[in-house]
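Worksheet: one structure, shown below.
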Amino acid sequence: MPELPELDAAVDQLRERLVGRRLLVVHVAAFSVLKTADPPHSSLVGRQLTGVFRRGKFLLLEAEERYAVIHLALAGWLKLGEGGVGDRPPVRPGPLAVRLDFDDGPHGPNDHGGDRQCVVG
């Protein structure tokens with residue numbers, strides 16, 4: 001399980017690279033990551049990411065007063081990178097759990113190579 005300093009570093013990087021971007025698609029690759037929630041995860045689509053926070057060992061992605069809650073469990077990981085919205089991840093067991101696709105943000109591609117995805121495994 002990631003330690004708190006690692007989670008703080010992840011929050012800083014996610015905040016720097018993704019806040020201000022609009023969430024385009026939520027791809028769920030592992031059914032086990034879904035939890036019953038109202039409103040559903042699909043209600044995040046089309047909203048702008050307005051904040052990234054840590055509460056204990058949970059990462060919270062705020063999108064206009066809606067939240068995606070992420071817990072990395074024992075061997076979880078995050079990856080930021082470039083990708084196409086149409087590139088749907090396979091639905092199968094494996095390291096990929098959820099992929100969040102974002103637009104290029106209010107100022108176009110950023111200094112980090114145009115990161116448009118946050119992948120959680």
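By convention here, the chains of the structure tokens are called A, B, ... in the order presented, each chain's residues are numbered starting at 1, and ligands are numbered starting at 1 in the order presented.
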
Enumerate, in order of chain and increasing residue number, the residues of region 50-69 of chain A with an atom no farther than 12 Å from region 21-45 of chain A, each with its shortest atom pair and distance in Å to one decimal, counting only C-alpha atoms, as CSV.
```
residue,atom,partner,partner_atom,distance
A:Thr50,CA,A:Arg21,CA,8.2
A:Gly51,CA,A:Arg21,CA,10.3
A:Leu61,CA,A:Leu44,CA,9.9
A:Glu62,CA,A:Leu44,CA,9.0
A:Ala63,CA,A:Leu44,CA,6.5
A:Glu64,CA,A:Leu44,CA,8.5
A:Glu65,CA,A:Leu44,CA,9.5
A:Arg66,CA,A:Leu44,CA,6.6
A:Tyr67,CA,A:Leu44,CA,7.6
A:Ala68,CA,A:His41,CA,7.3
A:Val69,CA,A:His41,CA,9.9
```

Written file, previous selection with N, CA, C and O atoms, as a PDB file, in the first residue's frame:
```pdb
ATOM      1  N   THR A  50     -11.871  20.139 -10.814  1.00  0.00           N
ATOM      2  CA  THR A  50     -11.673  21.373 -10.057  1.00  0.00           C
ATOM      3  C   THR A  50     -10.758  21.197  -8.855  1.00  0.00           C
ATOM      4  O   THR A  50     -10.372  22.181  -8.237  1.00  0.00           O
ATOM      5  N   GLY A  51     -10.409  19.964  -8.514  1.00  0.00           N
ATOM      6  CA  GLY A  51      -9.512  19.766  -7.386  1.00  0.00           C
ATOM      7  C   GLY A  51      -9.093  18.318  -7.237  1.00  0.00           C
ATOM      8  O   GLY A  51      -9.769  17.409  -7.715  1.00  0.00           O
ATOM      9  N   LEU A  61     -10.822  12.991  -6.611  1.00  0.00           N
ATOM     10  CA  LEU A  61     -10.802  13.855  -7.774  1.00  0.00           C
ATOM     11  C   LEU A  61     -12.140  14.578  -7.799  1.00  0.00           C
ATOM     12  O   LEU A  61     -13.180  13.942  -7.950  1.00  0.00           O
ATOM     13  N   GLU A  62     -12.118  15.897  -7.618  1.00  0.00           N
ATOM     14  CA  GLU A  62     -13.355  16.673  -7.607  1.00  0.00           C
ATOM     15  C   GLU A  62     -13.613  17.236  -8.994  1.00  0.00           C
ATOM     16  O   GLU A  62     -12.735  17.845  -9.611  1.00  0.00           O
ATOM     17  N   ALA A  63     -14.824  17.011  -9.481  1.00  0.00           N
ATOM     18  CA  ALA A  63     -15.230  17.526 -10.783  1.00  0.00           C
ATOM     19  C   ALA A  63     -16.541  18.273 -10.600  1.00  0.00           C
ATOM     20  O   ALA A  63     -17.616  17.671 -10.604  1.00  0.00           O
ATOM     21  N   GLU A  64     -16.423  19.583 -10.372  1.00  0.00           N
ATOM     22  CA  GLU A  64     -17.588  20.438 -10.201  1.00  0.00           C
ATOM     23  C   GLU A  64     -18.573  19.864  -9.182  1.00  0.00           C
ATOM     24  O   GLU A  64     -19.721  19.588  -9.483  1.00  0.00           O
ATOM     25  N   GLU A  65     -18.085  19.678  -7.970  1.00  0.00           N
ATOM     26  CA  GLU A  65     -18.859  19.217  -6.819  1.00  0.00           C
ATOM     27  C   GLU A  65     -19.308  17.759  -6.897  1.00  0.00           C
ATOM     28  O   GLU A  65     -20.197  17.327  -6.167  1.00  0.00           O
ATOM     29  N   ARG A  66     -18.705  16.976  -7.783  1.00  0.00           N
ATOM     30  CA  ARG A  66     -18.866  15.516  -7.809  1.00  0.00           C
ATOM     31  C   ARG A  66     -17.478  14.947  -7.581  1.00  0.00           C
ATOM     32  O   ARG A  66     -16.477  15.563  -7.910  1.00  0.00           O
ATOM     33  N   TYR A  67     -17.408  13.735  -7.039  1.00  0.00           N
ATOM     34  CA  TYR A  67     -16.111  13.172  -6.672  1.00  0.00           C
ATOM     35  C   TYR A  67     -15.923  11.765  -7.210  1.00  0.00           C
ATOM     36  O   TYR A  67     -16.848  10.947  -7.183  1.00  0.00           O
ATOM     37  N   ALA A  68     -14.708  11.494  -7.676  1.00  0.00           N
ATOM     38  CA  ALA A  68     -14.250  10.134  -7.932  1.00  0.00           C
ATOM     39  C   ALA A  68     -13.318   9.811  -6.775  1.00  0.00           C
ATOM     40  O   ALA A  68     -12.388  10.570  -6.480  1.00  0.00           O
ATOM     41  N   VAL A  69     -13.578   8.710  -6.091  1.00  0.00           N
ATOM     42  CA  VAL A  69     -12.786   8.314  -4.933  1.00  0.00           C
ATOM     43  C   VAL A  69     -11.941   7.120  -5.347  1.00  0.00           C
ATOM     44  O   VAL A  69     -12.457   6.119  -5.837  1.00  0.00           O
TER      45      VAL A  69
END
```

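Distances to Gly20 (chain A) were evaluated for A:Arg54, A:Arg47, A:Arg99, A:His71 using only C-alpha atoms, and the minimum falls at A:Arg47.
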
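In this model, the gap between CA of Asp103 (chain A) and CA of Val19 (chain A) comes to 11.0 Å.
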
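CA of Glu6 (chain A) to CA of Leu100 (chain A) spans 20.6 Å [interatomic distance, one decimal].
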
- For Glu3 (chain A): contacts at 12 Å, only C-alpha atoms, fewer than 2 positions along chain excluded, given as a PyMOL selection string: chain A and resi 1+5-10+54+56-58+71-76

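Residue nearest Leu60 (chain A) within the list A:Cys118, A:Val11, A:Lys79, A:Leu96: A:Val11 [criterion: smallest interatomic distance, only C-alpha atoms].
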
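Considering only C-alpha atoms, the residue among A:Ile70, A:Leu59, A:Leu18, A:Val52 positioned nearest to Asp101 (chain A) is A:Leu18.
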
- Note on the structure: As a check of understanding: the span from CA of Leu49 (chain A) to CA of Arg17 (chain A) is 10.5 Å
